[in-house]
>>> print(open('structure_16.tsv').read())   # TSV, C-alpha atoms and all ligand atoms
chain	number	residue	atom	x	y	z
A	725	MET	CA	0.00	0.00	0.00
A	726	ALA	CA	1.27	3.49	-0.83
A	727	PRO	CA	2.49	5.46	2.20
A	728	ALA	CA	0.17	8.20	3.42
A	729	ALA	CA	0.40	11.59	1.72
A	730	LEU	CA	0.76	13.00	5.22
A	731	GLU	CA	1.14	11.40	8.61
A	732	LEU	CA	1.40	13.07	12.00
A	733	SER	CA	2.27	10.96	15.00
A	734	GLY	CA	2.34	12.00	18.63
A	735	VAL	CA	2.50	15.71	17.85
A	736	ARG	CA	2.62	17.95	20.88
A	737	VAL	CA	2.69	21.75	20.92
A	738	ARG	CA	2.78	23.93	23.99
A	739	PHE	CA	2.45	27.70	24.20
A	740	ASP	CA	3.86	28.72	27.57
A	741	GLY	CA	1.76	26.61	29.97
A	742	LEU	CA	-1.00	25.81	27.49
A	743	VAL	CA	-0.96	22.47	25.66
A	744	ALA	CA	-2.42	23.37	22.25
A	745	LEU	CA	-1.85	19.90	20.71
A	746	ASP	CA	-1.53	16.83	22.87
A	747	ASP	CA	-0.28	13.59	21.30
A	748	VAL	CA	-2.10	14.25	18.02
A	749	SER	CA	-1.82	11.61	15.31
A	750	LEU	CA	-3.55	11.59	11.97
A	751	GLU	CA	-3.12	10.14	8.54
A	752	VAL	CA	-4.10	11.49	5.14
A	753	PRO	CA	-4.14	8.58	2.68
A	754	GLN	CA	-3.32	9.38	-0.97
A	755	ASP	CA	-6.14	11.25	-2.72
A	756	HIS	CA	-8.29	11.37	0.40
A	757	VAL	CA	-9.96	14.50	1.74
A	758	VAL	CA	-9.48	14.62	5.51
A	759	GLY	CA	-11.38	17.22	7.52
A	760	VAL	CA	-10.12	18.63	10.81
A	761	ILE	CA	-12.89	20.09	12.94
A	762	GLY	CA	-13.41	21.08	16.54
A	763	PRO	CA	-14.84	23.86	18.69
A	764	ASN	CA	-13.09	27.24	19.03
A	765	GLY	CA	-9.63	26.92	20.53
A	766	ALA	CA	-9.49	23.15	19.88
A	767	GLY	CA	-6.10	23.38	18.14
A	768	LYS	CA	-7.05	23.28	14.46
A	769	THR	CA	-5.01	26.30	13.40
A	770	THR	CA	-2.07	25.12	15.46
A	771	LEU	CA	-2.19	21.76	13.69
A	772	PHE	CA	-2.34	23.52	10.33
A	773	ASN	CA	0.63	25.68	11.33
A	774	VAL	CA	2.64	22.63	12.35
A	775	VAL	CA	2.12	21.05	8.92
A	776	CYS	CA	3.00	24.37	7.23
A	777	GLY	CA	6.21	24.67	9.25
A	778	PHE	CA	5.11	27.87	11.04
A	779	VAL	CA	5.01	26.15	14.44
A	780	ARG	CA	7.57	23.56	15.54
A	781	PRO	CA	6.20	20.78	17.75
A	782	GLU	CA	8.12	19.93	20.90
A	783	ASP	CA	7.39	16.26	20.33
A	784	GLY	CA	6.15	13.95	17.60
A	785	GLU	CA	6.92	13.67	13.92
A	786	LEU	CA	5.51	14.35	10.48
A	787	ARG	CA	5.93	12.17	7.42
A	788	ARG	CA	5.23	13.00	3.82
A	789	ASN	CA	4.89	9.95	1.52
A	790	GLY	CA	6.62	7.95	4.25
A	791	THR	CA	9.62	10.27	4.53
A	792	ARG	CA	10.18	12.25	7.68
A	793	MET	CA	9.70	16.00	7.34
A	794	HIS	CA	12.43	17.21	9.59
A	795	ARG	CA	12.45	20.83	10.71
A	796	HIS	CA	10.81	21.95	7.48
A	797	ARG	CA	9.92	25.61	7.00
A	798	ALA	CA	7.04	27.25	5.18
A	799	HIS	CA	9.18	27.96	2.12
A	800	ASP	CA	9.98	24.24	1.80
A	801	LEU	CA	6.34	23.32	1.20
A	802	ALA	CA	6.23	23.66	-2.59
A	803	GLY	CA	9.35	21.48	-2.85
A	804	LEU	CA	7.57	18.89	-0.69
A	805	GLY	CA	4.61	18.90	-3.09
A	806	ILE	CA	2.39	20.79	-0.68
A	807	GLY	CA	0.21	23.79	-1.54
A	808	ARG	CA	-1.83	25.75	0.97
A	809	THR	CA	-4.32	28.52	1.39
A	810	LEU	CA	-4.33	30.52	4.59
A	811	GLN	CA	-7.20	31.89	6.64
A	812	GLY	CA	-8.61	34.92	4.86
A	813	LEU	CA	-7.09	35.55	1.46
A	814	GLY	CA	-3.44	36.46	1.78
A	815	LEU	CA	-3.38	37.94	-1.72
A	816	PHE	CA	-0.97	40.75	-2.53
A	817	PRO	CA	-3.06	43.87	-3.27
A	818	GLY	CA	-0.30	45.48	-5.36
A	819	LEU	CA	-0.09	42.57	-7.79
A	820	THR	CA	-2.56	41.52	-10.48
A	821	VAL	CA	-4.51	38.29	-10.18
A	822	ALA	CA	-2.16	36.52	-12.61
A	823	GLU	CA	0.92	37.76	-10.72
A	824	ASN	CA	-0.58	36.58	-7.43
A	825	VAL	CA	-1.01	33.09	-8.86
A	826	MET	CA	2.47	33.18	-10.45
A	827	VAL	CA	3.97	33.80	-7.01
A	828	GLY	CA	2.49	30.44	-6.00
A	829	ALA	CA	4.21	28.76	-8.93
A	830	SER	CA	7.58	29.64	-7.49
A	831	SER	CA	8.98	27.17	-4.99
A	832	ARG	CA	10.80	30.04	-3.28
A	833	ALA	CA	8.01	32.56	-3.04
A	834	LYS	CA	9.01	33.74	0.40
A	835	ALA	CA	11.68	36.05	-0.98
A	836	GLY	CA	9.09	38.11	-2.81
A	837	PHE	CA	7.84	38.13	-6.33
A	838	LEU	CA	10.80	39.47	-8.31
A	839	SER	CA	13.51	37.73	-6.38
A	840	SER	CA	11.55	34.49	-6.53
A	841	LEU	CA	11.36	34.82	-10.29
A	842	PHE	CA	15.13	35.14	-10.43
A	843	ALA	CA	15.48	32.13	-8.16
A	844	LEU	CA	13.48	29.89	-10.47
A	845	PRO	CA	15.08	27.30	-12.71
A	846	ARG	CA	16.08	28.67	-16.08
A	847	ALA	CA	13.14	27.33	-18.07
A	848	ASP	CA	10.72	28.82	-15.58
A	849	ARG	CA	12.30	32.24	-15.81
A	850	ASP	CA	10.21	32.76	-18.86
A	851	GLU	CA	7.47	34.96	-17.48
A	852	ALA	CA	5.14	33.99	-20.30
A	853	ALA	CA	5.34	30.34	-19.29
A	854	LEU	CA	4.58	31.23	-15.68
A	855	ARG	CA	1.65	33.36	-16.76
A	856	GLU	CA	0.35	30.53	-18.91
A	857	ARG	CA	0.47	28.22	-15.92
A	858	ALA	CA	-1.32	30.82	-13.78
A	859	LEU	CA	-4.11	31.13	-16.36
A	860	GLU	CA	-4.51	27.34	-16.41
A	861	LYS	CA	-4.87	27.26	-12.64
A	862	LEU	CA	-7.40	30.10	-12.69
A	863	ALA	CA	-9.43	28.14	-15.23
A	864	GLU	CA	-9.11	24.98	-13.11
A	865	VAL	CA	-10.75	26.72	-10.15
A	866	GLY	CA	-13.51	28.18	-12.31
A	867	ALA	CA	-12.42	31.82	-12.04
A	868	PRO	CA	-13.87	34.15	-14.72
A	869	ASP	CA	-11.46	34.30	-17.66
A	870	ASP	CA	-11.19	38.10	-17.83
A	871	ILE	CA	-9.72	38.78	-14.38
A	872	ALA	CA	-6.04	37.96	-14.92
A	873	ASP	CA	-4.91	41.58	-15.18
A	874	ARG	CA	-7.18	43.01	-12.51
A	875	ARG	CA	-6.28	43.68	-8.88
A	876	PRO	CA	-7.76	41.22	-6.36
A	877	ASP	CA	-9.58	43.92	-4.37
A	878	GLU	CA	-11.63	44.89	-7.43
A	879	LEU	CA	-13.23	41.44	-7.42
A	880	PRO	CA	-16.05	39.85	-5.39
A	881	TYR	CA	-14.86	38.00	-2.29
A	882	GLY	CA	-15.85	34.59	-3.68
A	883	THR	CA	-13.73	35.22	-6.79
A	884	GLN	CA	-10.76	36.31	-4.65
A	885	LYS	CA	-11.07	33.02	-2.78
A	886	ARG	CA	-10.80	31.16	-6.08
A	887	VAL	CA	-7.66	33.16	-6.89
A	888	ALA	CA	-6.16	32.15	-3.53
A	889	LEU	CA	-6.95	28.51	-4.32
A	890	ALA	CA	-5.44	28.86	-7.81
A	891	ARG	CA	-2.27	30.17	-6.17
A	892	ALA	CA	-2.15	27.18	-3.83
A	893	LEU	CA	-2.40	24.90	-6.88
A	894	ALA	CA	0.16	26.77	-8.96
A	895	CYS	CA	3.09	24.62	-7.83
A	896	ASP	CA	1.13	21.50	-8.85
A	897	PRO	CA	0.99	20.14	-5.32
A	898	GLU	CA	0.01	16.55	-4.56
A	899	LEU	CA	-1.23	17.57	-1.12
A	900	VAL	CA	-3.34	20.67	-0.53
A	901	LEU	CA	-3.89	22.25	2.90
A	902	LEU	CA	-6.96	24.46	3.18
A	903	ASP	CA	-7.52	26.61	6.27
A	904	GLU	CA	-11.17	27.64	6.51
A	905	PRO	CA	-11.70	28.01	2.75
A	906	ALA	CA	-15.46	28.49	3.18
A	907	ALA	CA	-15.20	31.48	5.54
A	908	GLY	CA	-17.09	34.46	4.14
A	909	LEU	CA	-18.70	32.53	1.28
A	910	SER	CA	-22.43	32.24	0.56
A	911	VAL	CA	-24.21	28.87	0.83
A	912	GLU	CA	-24.13	28.51	-2.94
A	913	GLU	CA	-20.42	29.40	-3.14
A	914	ILE	CA	-19.65	26.87	-0.39
A	915	HIS	CA	-21.43	24.18	-2.38
A	916	GLU	CA	-19.43	25.11	-5.50
A	917	LEU	CA	-16.22	25.06	-3.46
A	918	GLY	CA	-17.09	21.54	-2.29
A	919	GLY	CA	-17.41	20.34	-5.89
A	920	LEU	CA	-14.16	22.06	-6.75
A	921	ILE	CA	-12.23	20.40	-3.90
A	922	ARG	CA	-13.57	16.96	-4.85
A	923	ARG	CA	-12.56	17.53	-8.46
A	924	LEU	CA	-8.98	18.39	-7.46
A	925	ARG	CA	-8.34	14.64	-7.09
A	926	ARG	CA	-5.51	15.33	-4.71
A	927	SER	CA	-4.89	14.61	-1.05
A	928	VAL	CA	-6.50	17.40	0.96
A	929	VAL	CA	-6.46	18.52	4.57
A	930	LEU	CA	-9.49	20.70	5.21
A	931	VAL	CA	-9.60	22.73	8.43
A	932	GLU	CA	-13.12	24.09	8.47
A	933	HIS	CA	-15.93	25.43	10.63
A	934	HIS	CA	-18.67	24.90	8.04
A	935	MET	CA	-20.06	21.48	8.86
A	936	ASP	CA	-22.08	21.18	5.67
A	937	LEU	CA	-18.91	21.39	3.61
A	938	VAL	CA	-17.01	18.96	5.85
A	939	MET	CA	-19.84	16.43	5.88
A	940	GLU	CA	-20.33	16.72	2.14
A	941	ILE	CA	-16.81	16.24	0.85
A	942	CYS	CA	-14.59	14.55	3.46
A	943	ASP	CA	-13.63	10.88	3.31
A	944	GLU	CA	-12.61	11.06	6.93
A	945	VAL	CA	-12.99	13.61	9.71
A	946	VAL	CA	-10.70	14.10	12.70
A	947	VAL	CA	-12.21	15.95	15.66
A	948	LEU	CA	-10.05	17.94	18.06
A	949	ASP	CA	-11.09	19.28	21.43
A	950	PHE	CA	-8.72	20.96	23.88
A	951	GLY	CA	-5.79	19.83	21.73
A	952	LYS	CA	-6.67	16.14	21.72
A	953	VAL	CA	-8.18	13.94	19.03
A	954	ILE	CA	-11.55	12.97	20.53
A	955	ALA	CA	-12.96	11.18	17.49
A	956	ARG	CA	-12.18	10.16	13.94
A	957	GLY	CA	-14.26	8.46	11.29
A	958	THR	CA	-16.49	9.00	8.32
A	959	PRO	CA	-18.75	12.07	8.38
A	960	ALA	CA	-21.72	9.83	9.30
A	961	GLU	CA	-19.81	8.27	12.20
A	962	ILE	CA	-18.69	11.66	13.47
A	963	ARG	CA	-22.15	13.14	13.31
A	964	ASP	CA	-23.48	10.49	15.70
A	965	ASP	CA	-20.48	10.34	18.03
A	966	PRO	CA	-21.55	11.33	21.57
A	967	ALA	CA	-18.11	12.78	22.41
A	968	VAL	CA	-18.32	15.08	19.39
A	969	ILE	CA	-21.86	16.16	20.14
A	970	ASP	CA	-20.79	16.88	23.73
A	971	ALA	CA	-17.82	18.99	22.61
A	972	TYR	CA	-20.00	21.10	20.32
A	973	LEU	CA	-22.82	21.32	22.84
A	974	GLY	CA	-20.29	22.70	25.33
A	975	GLU	CA	-19.44	25.39	22.80
A	976	GLU	CA	-23.13	26.15	22.22
A	977	VAL	CA	-23.80	26.50	25.92
A	978	ALA	CA	-20.92	29.00	26.14
A	979	ALA	CA	-22.28	30.89	23.14
A	980	GLU	CA	-25.75	30.91	24.69
A	981	ALA	CA	-24.37	32.43	27.89
A	982	ASN	CA	-22.72	35.23	25.88
A	983	ARG	CA	-25.60	35.89	23.50
A	984	GLU	CA	-27.35	39.30	23.51
A	985	PRO	CA	-30.98	39.10	24.72
A	986	GLY	CA	-33.29	38.53	21.76
A	987	ALA	CA	-30.47	37.43	19.37
A	988	VAL	CA	-31.23	34.46	17.12
A	989	PRO	CA	-29.27	31.32	18.15
A	990	GLU	CA	-26.92	29.71	15.66
A	991	PRO	CA	-28.16	26.38	14.18
A	992	ASN	CA	-26.65	23.18	15.58
A	993	PRO	CA	-23.28	22.92	13.79
A	994	LEU	CA	-23.51	19.14	13.50
A	995	SER	CA	-26.91	19.03	11.84
A	996	GLU	CA	-27.18	19.21	8.06
B	1	LIG	N1	0.83	31.78	19.41
B	1	LIG	C1	0.11	31.39	20.46
B	1	LIG	N2	0.48	31.73	21.72
B	1	LIG	C2	-0.23	31.32	22.78
B	1	LIG	N3	-1.35	30.57	22.71
B	1	LIG	C3	-1.77	30.21	21.49
B	1	LIG	C4	-1.08	30.60	20.31
B	1	LIG	N4	-1.75	30.09	19.23
B	1	LIG	C5	-2.81	29.43	19.73
B	1	LIG	N5	-2.82	29.49	21.08
B	1	LIG	C6	-3.79	28.85	21.97
B	1	LIG	O1	-3.79	27.46	21.62
B	1	LIG	C7	-5.11	26.94	21.68
B	1	LIG	C8	-5.49	26.37	20.31
B	1	LIG	O2	-5.65	27.47	19.42
B	1	LIG	P1	-5.96	27.29	17.88
B	1	LIG	O3	-5.97	28.66	17.27
B	1	LIG	O4	-5.05	26.29	17.29
B	1	LIG	O5	-7.46	26.70	17.92
B	1	LIG	P2	-8.52	26.62	16.76
B	1	LIG	O6	-9.18	25.28	16.90
B	1	LIG	O7	-7.92	26.95	15.46
B	1	LIG	O8	-9.55	27.75	17.18
B	1	LIG	P3	-10.52	28.65	16.25
B	1	LIG	O9	-11.56	27.73	15.74
B	1	LIG	O10	-11.08	29.62	17.25
B	1	LIG	O11	-9.68	29.29	15.19
B	1	LIG	C9	-6.03	28.07	22.11
B	1	LIG	O12	-6.22	27.97	23.51
B	1	LIG	C10	-5.22	29.31	21.75
B	1	LIG	O13	-5.55	30.39	22.61
>>> encode(input="structure_16.tsv", output="structure tokens")
Amino acid sequence: MAPAALELSGVRVRFDGLVALDDVSLEVPQDHVVGVIGPNGAGKTTLFNVVCGFVRPEDGELRRNGTRMHRHRAHDLAGLGIGRTLQGLGLFPGLTVAENVMVGASSRAKAGFLSSLFALPRADRDEAALRERALEKLAEVGAPDDIADRRPDELPYGTQKRVALARALACDPELVLLDEPAAGLSVEEIHELGGLIRRLRRSVVLVEHHMDLVMEICDEVVVLDFGKVIARGTPAEIRDDPAVIDAYLGEEVAAEANREPGAVPEPNPLSE
């Protein structure tokens, strides 16, 4: 059997006295979409940041295709075949849409756009080739075909999200990490995003608050609470797991206590 696209074992992260991730293990089999969910403060972003190389765990290890990822940094991701979107958009307002996506095509994007272009292998130095690749990725994510030379902030939020996804795909990653990709999108846009993620036919880690999206597209879901994995399984298994319902009910009770009088309660996050 092929080794997992990503494997975390026994990962532990502590911020001062607070244990943000406690002995967390998870596996993303090749071409599977694995969701990571959990109430606020459960450790989802920390886990994402560990995989991205922003946060270094004090214990545990990560493996990519069976090979240990040792002290990797964010700028190593493209070379490891990993693309990612961050919370929000993270697009450069001073660059056009095409240039934003081209930055993602560089495996050394951290140094900035121009210097990363110079750092590219010779064949890739051809800006036209990079632009061509950027346009392909924009088409792949269903972005309108007339936006390449516009600035991101001139575009609707949902379109900007597609641009951010195109940038994550620009280095042709085998594994894609998505941090709350549905945030700020309408119900219809979330549904379209779900179809898009399934059509990527890549291994995906999806950190997400929107349960509908998680339940619709994930092969497996891992549930964190207070830094620990409290459940894992198919969406149907997770939905009926008493420990998961308890964790989310705890969050709802807290939200209820803080709600303004007369405000409409949020729907149960685990129901469809
Ligand atoms: N840089 C940091 N320094 C100190 N504490 C941190 C830091 N980052 C996260 N934490 C704490 O670690 C815990 C896990 O936070 P994390 O952001 O990973 O949770 P989360 O599940 O992503 O939450 P949310 O859904 O609200 O984004 C929280 O208690 C948080 O306050």
>>> closest_residue(input="structure_16.tsv", among="A:Arg926, A:Arg736, A:His756, A:Lys768", to="ligand LIG 1 (chain B)", atoms="only C-alpha atoms and all ligand atoms")
A:Lys768
>>> residues_near_ligand(input="structure_16.tsv", ligand="ligand LIG 1 (chain B)", cutoff="6 Å", atoms="only C-alpha atoms and all ligand atoms", output="PyMOL selection string")
chain A and resi 739+744+762-770
>>> closest_residue(input="structure_16.tsv", among="A:Asn773, A:Ala872, A:Ala802, A:Glu851", to="Asn824 of chain A", atoms="only C-alpha atoms")
A:Ala872
>>> atom_distance(input="structure_16.tsv", atom1="atom CA of Asp783 of chain A", atom2="atom CA of Phe950 of chain A")
17.2 Å
>>> atom_distance(input="structure_16.tsv", atom1="atom CA of Ala822 of chain A", atom2="atom CA of Glu932 of chain A")
26.8 Å
>>> atom_distance(input="structure_16.tsv", atom1="atom CA of Val947 of chain A", atom2="atom CA of Val760 of chain A")
5.9 Å
>>> residues_around(input="structure_16.tsv", residues="segment 811-813 of chain A", least_positions_apart="2", cutoff="6 Å", atoms="all atoms listed in the file", output="count of residues only")
3
>>> residues_around(input="structure_16.tsv", residues="Arg797 of chain A", least_positions_apart="4", cutoff="8 Å", atoms="all atoms listed in the file", output="PyMOL selection string")
chain A and resi 776-778+801
>>> closest_residue(input="structure_16.tsv", among="A:His799, A:Arg963, A:Arg808, A:Arg891", to="Glu940 of chain A", atoms="all atoms listed in the file")
A:Arg963
>>> closest_residue(input="structure_16.tsv", among="A:Asp943, A:Asp755, A:Glu731, A:Asp800", to="Arg787 of chain A", atoms="all atoms listed in the file")
A:Glu731
>>> residues_around(input="structure_16.tsv", residues="Glu916 of chain A", least_positions_apart="2", cutoff="12 Å", atoms="all atoms listed in the file", output="list in words")
Val865, Gly866, Ala867, Gly882, Thr883, Lys885, Arg886, Pro905, Ala906, Leu909, Ser910, Val911, Glu912, Glu913, Ile914, Gly918, Gly919, Leu920, Ile921, Arg922, Arg923, Leu937, Glu940 and Ile941 of chain A
